[in-house]
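Undergrad: This is the content of input_17.cif (mmCIF, C-alpha atoms and all ligand atoms):
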```
data_structure
loop_
_atom_site.label_atom_id
_atom_site.label_comp_id
_atom_site.auth_asym_id
_atom_site.auth_seq_id
_atom_site.Cartn_x
_atom_site.Cartn_y
_atom_site.Cartn_z
CA MET Y 1 44.63 64.50 56.27
CA PRO Y 2 45.87 61.46 58.21
CA ILE Y 3 46.21 58.22 56.21
CA ILE Y 4 44.38 56.29 58.97
CA LYS Y 5 41.66 57.87 61.07
CA VAL Y 6 39.82 55.99 63.80
CA GLU Y 7 36.90 57.57 65.64
CA ASN Y 8 35.26 56.06 68.72
CA LEU Y 9 35.59 52.53 67.43
CA VAL Y 10 33.80 49.79 69.41
CA LYS Y 11 33.67 46.04 68.73
CA LYS Y 12 31.69 43.68 70.90
CA PHE Y 13 31.59 39.88 70.62
CA GLY Y 14 28.58 39.01 72.76
CA ASN Y 15 29.50 40.14 76.25
CA ILE Y 16 33.16 40.70 75.39
CA ILE Y 17 34.08 44.28 74.54
CA ALA Y 18 37.19 43.60 72.44
CA VAL Y 19 37.62 47.22 71.32
CA ASN Y 20 36.22 49.83 73.65
CA ASP Y 21 35.82 53.32 72.15
CA ILE Y 22 39.25 53.95 70.67
CA SER Y 23 40.28 56.96 68.57
CA PHE Y 24 43.59 57.77 66.90
CA ASP Y 25 45.19 59.08 63.70
CA VAL Y 26 48.22 57.84 61.79
CA GLU Y 27 50.26 60.20 59.62
CA GLU Y 28 51.30 59.11 56.15
CA GLY Y 29 54.81 57.68 55.76
CA THR Y 30 55.25 56.82 59.43
CA ILE Y 31 55.57 53.60 61.42
CA PHE Y 32 52.73 53.30 63.90
CA GLY Y 33 52.96 50.74 66.68
CA PHE Y 34 50.04 49.16 68.46
CA LEU Y 35 51.35 47.76 71.70
CA GLY Y 36 49.48 45.62 74.15
CA PRO Y 37 49.26 42.26 75.91
CA ASN Y 38 47.34 39.13 74.78
CA GLY Y 39 43.69 39.80 74.14
CA ALA Y 40 44.07 43.60 74.29
CA GLY Y 41 42.16 44.10 71.02
CA LYS Y 42 45.00 44.62 68.55
CA THR Y 43 44.03 42.02 65.95
CA THR Y 44 40.35 42.96 66.24
CA THR Y 45 41.24 46.59 65.46
CA ILE Y 46 43.37 45.53 62.49
CA ASN Y 47 40.56 43.32 61.21
CA ILE Y 48 38.13 46.24 61.30
CA LEU Y 49 40.60 48.53 59.51
CA CYS Y 50 41.19 45.83 56.89
CA THR Y 51 37.40 45.48 56.34
CA LEU Y 52 37.37 41.87 57.59
CA LEU Y 53 35.12 42.72 60.54
CA SER Y 54 32.47 45.39 60.87
CA PRO Y 55 32.58 47.59 63.96
CA THR Y 56 29.74 47.60 66.49
CA SER Y 57 29.93 51.41 66.43
CA GLY Y 58 32.34 54.19 65.54
CA ARG Y 59 34.12 54.85 62.25
CA ALA Y 60 37.45 54.20 60.61
CA PHE Y 61 38.97 55.65 57.44
CA ILE Y 62 41.94 54.61 55.37
CA ASN Y 63 43.30 56.94 52.74
CA GLY Y 64 40.07 58.93 53.12
CA HIS Y 65 37.78 55.91 52.52
CA ASP Y 66 35.26 54.65 55.06
CA CYS Y 67 36.17 51.09 56.12
CA VAL Y 68 32.51 50.02 56.11
CA ARG Y 69 30.91 51.97 53.26
CA GLU Y 70 33.86 52.02 50.87
CA SER Y 71 35.40 48.68 51.69
CA SER Y 72 36.62 47.92 48.18
CA SER Y 73 38.54 51.23 47.96
CA VAL Y 74 40.00 50.49 51.38
CA ARG Y 75 41.09 47.02 50.26
CA LYS Y 76 42.91 48.50 47.29
CA SER Y 77 44.79 50.83 49.64
CA ILE Y 78 46.08 48.18 52.04
CA GLY Y 79 48.38 45.20 52.34
CA ILE Y 80 48.27 42.84 55.27
CA VAL Y 81 50.59 40.37 56.97
CA PHE Y 82 48.40 38.34 59.34
CA GLN Y 83 49.40 37.14 62.79
CA ASP Y 84 49.37 33.55 61.48
CA ILE Y 85 51.21 32.64 58.29
CA THR Y 86 48.82 32.41 55.34
CA LEU Y 87 51.09 31.48 52.43
CA ASP Y 88 50.25 28.47 50.30
CA LYS Y 89 52.99 26.03 51.36
CA ASP Y 90 52.56 23.84 48.27
CA LEU Y 91 53.32 26.68 45.88
CA THR Y 92 56.73 28.19 45.22
CA ALA Y 93 57.63 31.64 46.51
CA GLU Y 94 57.15 33.10 43.05
CA GLU Y 95 53.82 31.35 42.51
CA ASN Y 96 52.49 32.68 45.81
CA LEU Y 97 53.33 36.20 44.72
CA LEU Y 98 52.01 35.83 41.17
CA PHE Y 99 48.74 34.51 42.55
CA HIS Y 100 48.42 37.48 44.85
CA ALA Y 101 49.25 39.93 42.02
CA TYR Y 102 46.51 38.28 39.97
CA LEU Y 103 43.98 38.57 42.82
CA TYR Y 104 44.81 42.25 43.16
CA ASN Y 105 44.36 42.95 39.44
CA VAL Y 106 47.98 43.90 38.80
CA ALA Y 107 48.18 44.17 34.98
CA LYS Y 108 49.43 40.93 33.43
CA ALA Y 109 52.31 42.67 31.63
CA GLU Y 110 53.55 44.03 34.92
CA ARG Y 111 53.09 41.05 37.26
CA ARG Y 112 56.40 39.29 36.71
CA LYS Y 113 58.41 42.48 37.03
CA ARG Y 114 56.73 43.41 40.31
CA VAL Y 115 57.25 39.91 41.68
CA GLU Y 116 60.94 40.04 40.72
CA ASP Y 117 61.34 43.42 42.38
CA VAL Y 118 59.80 42.46 45.71
CA LEU Y 119 61.63 39.12 45.79
CA LYS Y 120 64.90 41.00 45.40
CA PHE Y 121 63.86 43.48 48.05
CA VAL Y 122 63.26 40.73 50.63
CA ASP Y 123 66.40 38.91 49.51
CA LEU Y 124 64.59 35.76 48.38
CA HIS Y 125 65.13 36.01 44.66
CA SER Y 126 67.55 33.09 44.57
CA ARG Y 127 64.91 30.91 46.30
CA LYS Y 128 61.96 31.93 44.14
CA ASP Y 129 61.44 28.44 42.69
CA ASP Y 130 61.48 26.67 46.06
CA LEU Y 131 58.29 25.44 47.65
CA VAL Y 132 57.31 27.59 50.61
CA LYS Y 133 57.12 24.53 52.85
CA LYS Y 134 60.91 24.37 52.60
CA PHE Y 135 61.32 27.91 53.94
CA SER Y 136 62.34 28.86 57.48
CA GLY Y 137 60.00 30.96 59.64
CA GLY Y 138 61.96 34.14 58.89
CA MET Y 139 61.91 33.50 55.14
CA LYS Y 140 58.15 32.93 55.22
CA ARG Y 141 57.67 36.19 57.06
CA ARG Y 142 59.80 38.07 54.53
CA LEU Y 143 57.83 36.50 51.70
CA GLU Y 144 54.58 37.58 53.35
CA VAL Y 145 55.85 41.14 53.61
CA ALA Y 146 56.80 40.95 49.91
CA ARG Y 147 53.31 39.72 49.09
CA GLY Y 148 51.77 42.56 51.09
CA LEU Y 149 53.71 45.08 48.97
CA ILE Y 150 53.01 43.73 45.45
CA HIS Y 151 49.95 45.82 44.73
CA ARG Y 152 51.69 48.95 46.09
CA PRO Y 153 49.42 49.64 49.05
CA LYS Y 154 49.33 52.96 50.88
CA VAL Y 155 49.21 51.18 54.24
CA LEU Y 156 50.81 47.86 55.21
CA PHE Y 157 49.41 46.12 58.29
CA LEU Y 158 51.79 43.82 60.13
CA ASP Y 159 50.19 41.85 62.95
CA GLU Y 160 53.01 40.58 65.23
CA PRO Y 161 55.34 40.13 62.23
CA THR Y 162 58.25 38.75 64.22
CA LEU Y 163 56.34 36.44 66.55
CA GLY Y 164 58.01 33.05 66.89
CA LEU Y 165 61.20 34.06 65.07
CA ASP Y 166 64.61 33.53 66.61
CA PRO Y 167 66.38 36.71 67.77
CA GLN Y 168 68.58 36.99 64.68
CA SER Y 169 65.74 36.64 62.14
CA ARG Y 170 63.76 39.06 64.23
CA THR Y 171 66.50 41.67 64.05
CA ASN Y 172 66.93 41.15 60.29
CA LEU Y 173 63.23 41.38 59.55
CA TRP Y 174 62.91 44.39 61.75
CA GLU Y 175 65.82 46.19 60.13
CA PHE Y 176 64.16 45.64 56.80
CA ILE Y 177 60.72 46.80 57.96
CA THR Y 178 62.14 50.10 59.16
CA HIS Y 179 63.24 50.90 55.58
CA LEU Y 180 59.81 50.25 54.10
CA PRO Y 181 58.21 53.70 54.49
CA LYS Y 182 60.90 55.48 52.48
CA ARG Y 183 61.66 52.77 49.92
CA HIS Y 184 58.08 51.78 49.20
CA ASN Y 185 56.26 54.97 50.07
CA VAL Y 186 54.06 53.07 52.48
CA THR Y 187 52.72 53.69 55.99
CA ILE Y 188 53.26 50.84 58.46
CA PHE Y 189 50.69 49.85 61.08
CA MET Y 190 52.14 47.13 63.24
CA THR Y 191 51.46 45.31 66.45
CA THR Y 192 54.13 43.87 68.65
CA HIS Y 193 54.84 42.92 72.21
CA TYR Y 194 58.61 43.13 71.80
CA MET Y 195 59.55 46.40 73.43
CA GLU Y 196 62.75 46.92 71.49
CA GLU Y 197 60.81 46.75 68.23
CA ALA Y 198 58.32 49.35 69.34
CA GLU Y 199 61.26 51.70 69.92
CA VAL Y 200 61.60 52.38 66.19
CA CYS Y 201 57.96 53.40 65.73
CA ASN Y 202 57.37 57.09 65.14
CA ASN Y 203 54.23 56.86 67.23
CA ILE Y 204 52.77 54.27 69.53
CA ALA Y 205 49.35 53.63 71.01
CA ILE Y 206 49.30 51.39 74.06
CA ILE Y 207 46.13 49.32 74.25
CA ASP Y 208 44.99 47.27 77.21
CA ASP Y 209 41.64 45.60 77.67
CA GLY Y 210 40.21 47.25 74.55
CA LYS Y 211 41.13 50.80 75.58
CA ILE Y 212 43.97 53.04 74.46
CA ILE Y 213 45.67 53.99 77.68
CA SER Y 214 48.48 56.12 76.28
CA ARG Y 215 49.79 57.55 73.02
CA GLY Y 216 52.91 59.30 71.86
CA SER Y 217 56.39 58.84 70.42
CA PRO Y 218 58.59 56.34 72.28
CA ASP Y 219 60.45 59.26 73.88
CA GLU Y 220 57.27 61.04 74.93
CA LEU Y 221 55.92 57.87 76.48
CA LYS Y 222 59.14 57.22 78.35
CA LYS Y 223 59.13 60.74 79.74
CA THR Y 224 55.85 59.93 81.47
CA VAL Y 225 57.71 57.41 83.63
CA GLY Y 226 60.13 60.05 84.91
CA GLY Y 227 63.59 61.07 83.90
CA ASP Y 228 66.76 59.17 83.09
CA VAL Y 229 68.89 57.81 85.89
CA ILE Y 230 72.62 58.58 85.96
CA TYR Y 231 74.92 56.25 87.88
CA LEU Y 232 78.37 57.46 88.91
CA LYS Y 233 81.35 55.90 90.58
CA THR Y 234 83.70 58.39 92.16
CA LYS Y 235 86.79 58.26 94.37
CA ASP Y 236 84.71 59.55 97.29
CA ASN Y 237 80.95 59.14 96.83
CA ASN Y 238 79.97 61.03 99.99
CA ARG Y 239 82.04 64.01 99.00
CA ALA Y 240 80.75 63.86 95.39
CA LYS Y 241 77.17 63.80 96.69
CA ASP Y 242 77.78 67.04 98.61
CA GLU Y 243 79.48 68.64 95.61
CA ILE Y 244 76.56 67.77 93.34
CA LYS Y 245 74.18 69.40 95.80
CA LYS Y 246 76.35 72.49 96.23
CA ILE Y 247 77.31 73.12 92.60
CA LEU Y 248 74.36 71.73 90.60
CA ASN Y 249 71.66 71.81 93.25
CA LEU Y 250 70.70 68.18 92.46
CA GLU Y 251 69.93 65.47 94.98
CA ALA Y 252 71.99 62.31 94.53
CA ALA Y 253 71.74 59.12 96.57
CA ILE Y 254 74.23 56.35 97.28
CA LYS Y 255 73.50 52.70 96.69
CA ASP Y 256 76.21 50.07 97.08
CA SER Y 257 79.33 51.55 95.50
CA GLU Y 258 77.44 53.89 93.20
CA LEU Y 259 75.95 57.31 93.36
CA PHE Y 260 72.77 57.85 91.40
CA LEU Y 261 70.49 60.72 90.53
CA SER Y 262 67.58 61.27 88.17
CA ALA Y 263 67.63 63.91 85.46
CA VAL Y 264 65.09 64.88 82.82
CA LYS Y 265 67.80 64.93 80.14
CA GLY Y 266 70.51 62.62 81.32
CA GLU Y 267 72.83 63.15 78.36
CA ALA Y 268 72.90 66.93 78.96
CA CYS Y 269 73.52 66.51 82.67
CA ILE Y 270 76.57 64.22 82.37
CA PRO Y 271 79.04 66.90 81.14
CA GLU Y 272 77.93 69.22 83.97
CA LEU Y 273 78.56 66.47 86.51
CA ILE Y 274 81.98 65.77 85.12
CA ARG Y 275 82.87 69.47 85.16
CA ALA Y 276 81.71 69.72 88.77
CA LEU Y 277 83.44 66.60 90.04
CA GLY Y 278 86.56 66.64 87.85
CA GLU Y 279 89.04 63.82 88.19
CA SER Y 280 87.26 62.12 91.04
CA VAL Y 281 84.81 60.54 88.50
CA LEU Y 282 85.74 56.90 87.82
CA SER Y 283 82.78 55.84 85.64
CA VAL Y 284 79.40 57.09 84.46
CA ARG Y 285 76.42 55.23 83.03
CA LEU Y 286 73.04 56.44 81.89
CA GLN Y 287 69.89 54.37 82.20
CA ARG Y 288 66.84 55.40 80.25
CA PRO Y 289 63.33 54.22 81.05
CA THR Y 290 62.08 51.52 78.66
CA LEU Y 291 58.65 51.11 77.08
CA ASN Y 292 58.15 48.19 79.42
CA ASP Y 293 58.52 50.63 82.33
CA VAL Y 294 55.82 52.75 80.67
CA PHE Y 295 53.46 49.80 80.41
CA LEU Y 296 54.26 48.71 83.94
CA LYS Y 297 53.52 52.17 85.28
CA LEU Y 298 50.22 52.44 83.38
CA THR Y 299 48.85 48.99 84.13
CA GLY Y 300 50.87 47.60 87.02
CA LYS Y 301 51.84 44.58 84.90
CA ALA Y 302 54.53 43.70 82.36
CA ILE Y 303 53.62 43.25 78.72
CA ARG Y 304 54.76 39.63 78.10
CA GLU Y 305 58.43 40.54 77.90
CA GLU Y 306 59.42 37.81 80.33
CA GLU Y 307 57.32 35.33 78.41
CA ALA Y 308 59.08 36.29 75.19
CA SER Y 309 62.56 36.06 76.63
CA ASP Y 310 61.63 32.79 78.33
CA MET Y 311 60.65 31.47 74.94
CA ASP Y 312 64.03 32.53 73.54
CA THR Y 313 65.78 30.79 76.41
CA VAL Y 314 63.88 27.57 75.80
CA LYS Y 315 64.71 27.73 72.09
CA GLU Y 316 68.36 28.30 72.87
CA GLU Y 317 68.33 25.31 75.23
CA ILE Y 318 66.78 23.12 72.53
CA ARG Y 319 69.47 24.22 70.06
CA ALA Y 320 72.23 23.51 72.56
CA TYR Y 321 70.69 20.08 73.24
CA ARG Y 322 70.64 19.31 69.52
CA ARG Y 323 74.27 20.38 69.14
CA ARG Y 324 75.29 18.09 71.98
CA ASN Y 325 73.39 15.10 70.59
N1 LIG Y 401 35.69 36.17 66.72
C1 LIG Y 401 35.69 36.37 68.03
N2 LIG Y 401 34.68 35.95 68.80
C2 LIG Y 401 34.65 36.15 70.13
N3 LIG Y 401 35.62 36.81 70.80
C3 LIG Y 401 36.66 37.27 70.09
C4 LIG Y 401 36.75 37.07 68.68
N4 LIG Y 401 37.91 37.64 68.26
C5 LIG Y 401 38.51 38.15 69.34
N5 LIG Y 401 37.76 37.93 70.44
C6 LIG Y 401 38.08 38.40 71.81
O1 LIG Y 401 38.38 39.77 71.75
C7 LIG Y 401 39.45 40.11 72.61
C8 LIG Y 401 40.56 40.77 71.83
O2 LIG Y 401 41.18 39.81 70.97
P1 LIG Y 401 42.32 40.21 69.92
O3 LIG Y 401 42.57 39.01 69.07
O4 LIG Y 401 41.91 41.46 69.21
O5 LIG Y 401 43.55 40.50 70.88
P2 LIG Y 401 45.07 40.81 70.51
O6 LIG Y 401 45.41 42.10 71.18
O7 LIG Y 401 45.31 40.70 69.06
O8 LIG Y 401 45.85 39.65 71.31
P3 LIG Y 401 47.19 38.81 70.92
O9 LIG Y 401 48.35 39.63 71.42
O10 LIG Y 401 47.05 37.56 71.71
O11 LIG Y 401 47.21 38.57 69.46
C9 LIG Y 401 39.83 38.79 73.29
O12 LIG Y 401 39.17 38.73 74.53
C10 LIG Y 401 39.33 37.74 72.35
O13 LIG Y 401 39.03 36.55 73.02
MG MG Y 402 46.51 39.47 67.88
#
```
Could you rewrite the structure in this file as structure tokens?
Ligand SMILES: Nc1ncnc2c1ncn2[C@@H]1O[C@H](COP(=O)(O)OP(=O)(O)OP(=O)(O)O)[C@@H](O)[C@H]1O
Ligand SMILES: [Mg+2]
TA:
Amino acid sequence: MPIIKVENLVKKFGNIIAVNDISFDVEEGTIFGFLGPNGAGKTTTINILCTLLSPTSGRAFINGHDCVRESSSVRKSIGIVFQDITLDKDLTAEENLLFHAYLYNVAKAERRKRVEDVLKFVDLHSRKDDLVKKFSGGMKRRLEVARGLIHRPKVLFLDEPTLGLDPQSRTNLWEFITHLPKRHNVTIFMTTHYMEEAEVCNNIAIIDDGKIISRGSPDELKKTVGGDVIYLKTKDNNRAKDEIKKILNLEAAIKDSELFLSAVKGEACIPELIRALGESVLSVRLQRPTLNDVFLKLTGKAIREEEASDMDTVKEEIRAYRRRN
């Protein structure tokens, strides 16, 4: 039995069809990624699964409970980190967590211990008495994840958890999220538009304009774009091209000073190439398709990657400006 089951879910806001007949399952203990551009319907789907919105039609189940008819059982099974930060900035880190534990009926005798444990887990224990308004963006995000875990949910929803963080905090937070399923026995449902983050998901659904347009593991999705590309530099590219055709029956092409060919499994093909060409090989590199290539192929547009990296560039420029002045 999957921990999340979604069947023909539809959500309309007036004329807008935010979620348009989507179906998918999520297996327990996995990281599931919901990938899509602005306005694709990711937050709307999360809100339905978290019982904050009712669907126009279709059904959704979490941990076997119907998200509409058994909303209170669903709420007990989930934790959520919203797209926008929702901590109380005028409370300390510890107070925020204690308040949440109270709201979720964690037994009084156990509250402090649980709060201590999650604070240690997110590496904020030494800052527990600080007001949240003094925290950095990354610290607030970690505290929100801690809060989402206090009542030991079966599923933790993370809506764009790393949005607006600098690259280093993003990497740290991400590293820590990937350990959650094993350490906390929790299933992760997350949305992101950072391709490199989606890479660590066990399964991904790509959503665009309210519809799921593709599903699979990152590798499966990338295979839909075509194979890997191997680039070679050799002492004599024309001769190497002929050899590759003769010995391996593969078509290579020459571009600038490099020879390139596509292969379904690039890593398995490289040793064969080297055996065939021997010492004439000067260098080899393997390029795999990215999830952005997948999105590009499916929709003809990029998924905000440029926008994200532009934002990083602007931030870096601001930092450099501050250092200079
Ligand atoms: N309460 C609402 N009332 C009217 N329209 C809404 C409402 N909530 C969402 N929408 C619309 O539904 C569509 C999907 O929005 P949603 O917030 O689910 O997108 P998203 O994939 O989370 O986007 P983002 O990446 O920007 O967070 C959008 O067209 C949005 O304007
Ligand atoms: Mg959203």
Undergrad: Expressed in Å to a single decimal, how great is the separation between atom CA of Y:Phe121 and atom CA of Y:Ile4?
TA: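 Rounded to one decimal, the two atoms are 25.7 Å apart.
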Undergrad: Neighbours of Y:Ile207 within 9 Å (all atoms listed in the file; same-chain residues fewer than 5 positions away dropped), as a list in words?
TA: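 Selected residues are Phe34, Leu35, Gly36, Pro37, Ala40, Gly41, Lys42, Ile212, Ile213 and Ser214 of chain Y.
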Undergrad: Pull C-alpha atoms from the residues just selected and write them as a PDB file, in the frame of the given file.
TA:
```
ATOM      1  CA  PHE Y  34      50.040  49.160  68.460  1.00  0.00           C
ATOM      2  CA  LEU Y  35      51.350  47.760  71.700  1.00  0.00           C
ATOM      3  CA  GLY Y  36      49.480  45.620  74.150  1.00  0.00           C
ATOM      4  CA  PRO Y  37      49.260  42.260  75.910  1.00  0.00           C
ATOM      5  CA  ALA Y  40      44.070  43.600  74.290  1.00  0.00           C
ATOM      6  CA  GLY Y  41      42.160  44.100  71.020  1.00  0.00           C
ATOM      7  CA  LYS Y  42      45.000  44.620  68.550  1.00  0.00           C
ATOM      8  CA  ILE Y 212      43.970  53.040  74.460  1.00  0.00           C
ATOM      9  CA  ILE Y 213      45.670  53.990  77.680  1.00  0.00           C
ATOM     10  CA  SER Y 214      48.480  56.120  76.280  1.00  0.00           C
TER      11      SER Y 214
END
```
Undergrad: Please build the interface table for chain Y against ligand MG 402 (chain Y) with a cut-off of 9 Å, listing for each qualifying residue the nearest atom pair and the distance in Å to one decimal; count only C-alpha atoms and all ligand atoms, order rows by chain and increasing number, and write it as CSV.
TA:
```
residue,atom,partner,partner_atom,distance
Y:Pro37,CA,Y:MG402,MG,8.9
Y:Asn38,CA,Y:MG402,MG,7.0
Y:Gly39,CA,Y:MG402,MG,6.9
Y:Ala40,CA,Y:MG402,MG,8.0
Y:Gly41,CA,Y:MG402,MG,7.1
Y:Lys42,CA,Y:MG402,MG,5.4
Y:Thr43,CA,Y:MG402,MG,4.0
Y:Thr44,CA,Y:MG402,MG,7.3
Y:Ile46,CA,Y:MG402,MG,8.7
Y:Phe82,CA,Y:MG402,MG,8.8
Y:Gln83,CA,Y:MG402,MG,6.3
Y:Asp159,CA,Y:MG402,MG,6.6
Y:Glu160,CA,Y:MG402,MG,7.1
Y:Thr191,CA,Y:MG402,MG,7.8
Y:Thr192,CA,Y:MG402,MG,8.8
```
Undergrad: Ranking Y:Glu258, Y:Asp21, Y:Asp90, Y:Glu220 by minimum distance to Y:Val294 and counting all atoms listed in the file, which one comes first?
TA: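 That would be Y:Glu220, the residue with the smallest distance to Y:Val294.
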Undergrad: Mind listing as a VMD selection string all residues within 9 Å of (50.6, 52.4, 52.4), counting only C-alpha atoms?
TA: chain Y and resid 3 28 to 29 63 77 to 79 149 152 to 157 181 184 to 188
Undergrad: Extract, using only C-alpha atoms, all DNA, RNA and protein residues at most 12 Å from Y:Ala253, discarding same-chain residues fewer than 2 positions from it, and format them as a list in words.
TA: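 The residues that qualify are Val229, Ile230, Tyr231, Leu232, Lys233, Asn237, Asn238, Arg239, Ala240, Lys241, Asp242, Ile244, Lys245, Leu250, Glu251, Lys255, Asp256, Ser257, Glu258, Leu259, Phe260, Leu261 and Ser262 of chain Y.
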Undergrad: Dump as a ChimeraX atom specification all residues having an atom at most 9 Å from (45.2, 56.8, 64.3), computed in the file's coordinates with only C-alpha atoms.
TA: /Y:2-7,23-27,32,60,205
Undergrad: Write the selection just made, keeping C-alpha atoms, as a PDB file, keeping the file's coordinate frame?
TA:
```
ATOM      1  CA  PRO Y   2      45.870  61.460  58.210  1.00  0.00           C
ATOM      2  CA  ILE Y   3      46.210  58.220  56.210  1.00  0.00           C
ATOM      3  CA  ILE Y   4      44.380  56.290  58.970  1.00  0.00           C
ATOM      4  CA  LYS Y   5      41.660  57.870  61.070  1.00  0.00           C
ATOM      5  CA  VAL Y   6      39.820  55.990  63.800  1.00  0.00           C
ATOM      6  CA  GLU Y   7      36.900  57.570  65.640  1.00  0.00           C
ATOM      7  CA  SER Y  23      40.280  56.960  68.570  1.00  0.00           C
ATOM      8  CA  PHE Y  24      43.590  57.770  66.900  1.00  0.00           C
ATOM      9  CA  ASP Y  25      45.190  59.080  63.700  1.00  0.00           C
ATOM     10  CA  VAL Y  26      48.220  57.840  61.790  1.00  0.00           C
ATOM     11  CA  GLU Y  27      50.260  60.200  59.620  1.00  0.00           C
ATOM     12  CA  PHE Y  32      52.730  53.300  63.900  1.00  0.00           C
ATOM     13  CA  ALA Y  60      37.450  54.200  60.610  1.00  0.00           C
ATOM     14  CA  ALA Y 205      49.350  53.630  71.010  1.00  0.00           C
TER      15      ALA Y 205
END
```
Undergrad: What does the structure give for the distance between atom CA of Y:Gly58 and atom CA of Y:Asn20, in Å to one decimal?
TA: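 Taking atom CA of Y:Gly58 as the start and atom CA of Y:Asn20 as the end point, the length is 10.0 Å.
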Undergrad: As an exercise, work out the distance from atom CA of Y:Val10 to atom CA of Y:His65 in Å and give it to one decimal place.
TA: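 Straight-line distance from atom CA of Y:Val10 to atom CA of Y:His65 works out to 18.4 Å.
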Undergrad: Just checking: using only C-alpha atoms and all ligand atoms, which residue out of Y:Arg59, Y:His193, Y:His179, Y:Lys133 ends up closest to ligand LIG 401 (chain Y)?
TA: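 Looking only at the distances to ligand LIG 401 (chain Y), the closest residue turns out to be Y:His193.
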Undergrad: Kindly indicate which residue among Y:Gly148, Y:Gly14, Y:Pro167, Y:Gly64 lies nearest to ligand LIG 401 (chain Y), using all atoms listed in the file for the distances.
TA: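 Of Y:Gly148, Y:Gly14, Y:Pro167, Y:Gly64, the one nearest ligand LIG 401 (chain Y), counting all atoms listed in the file, is Y:Gly14.
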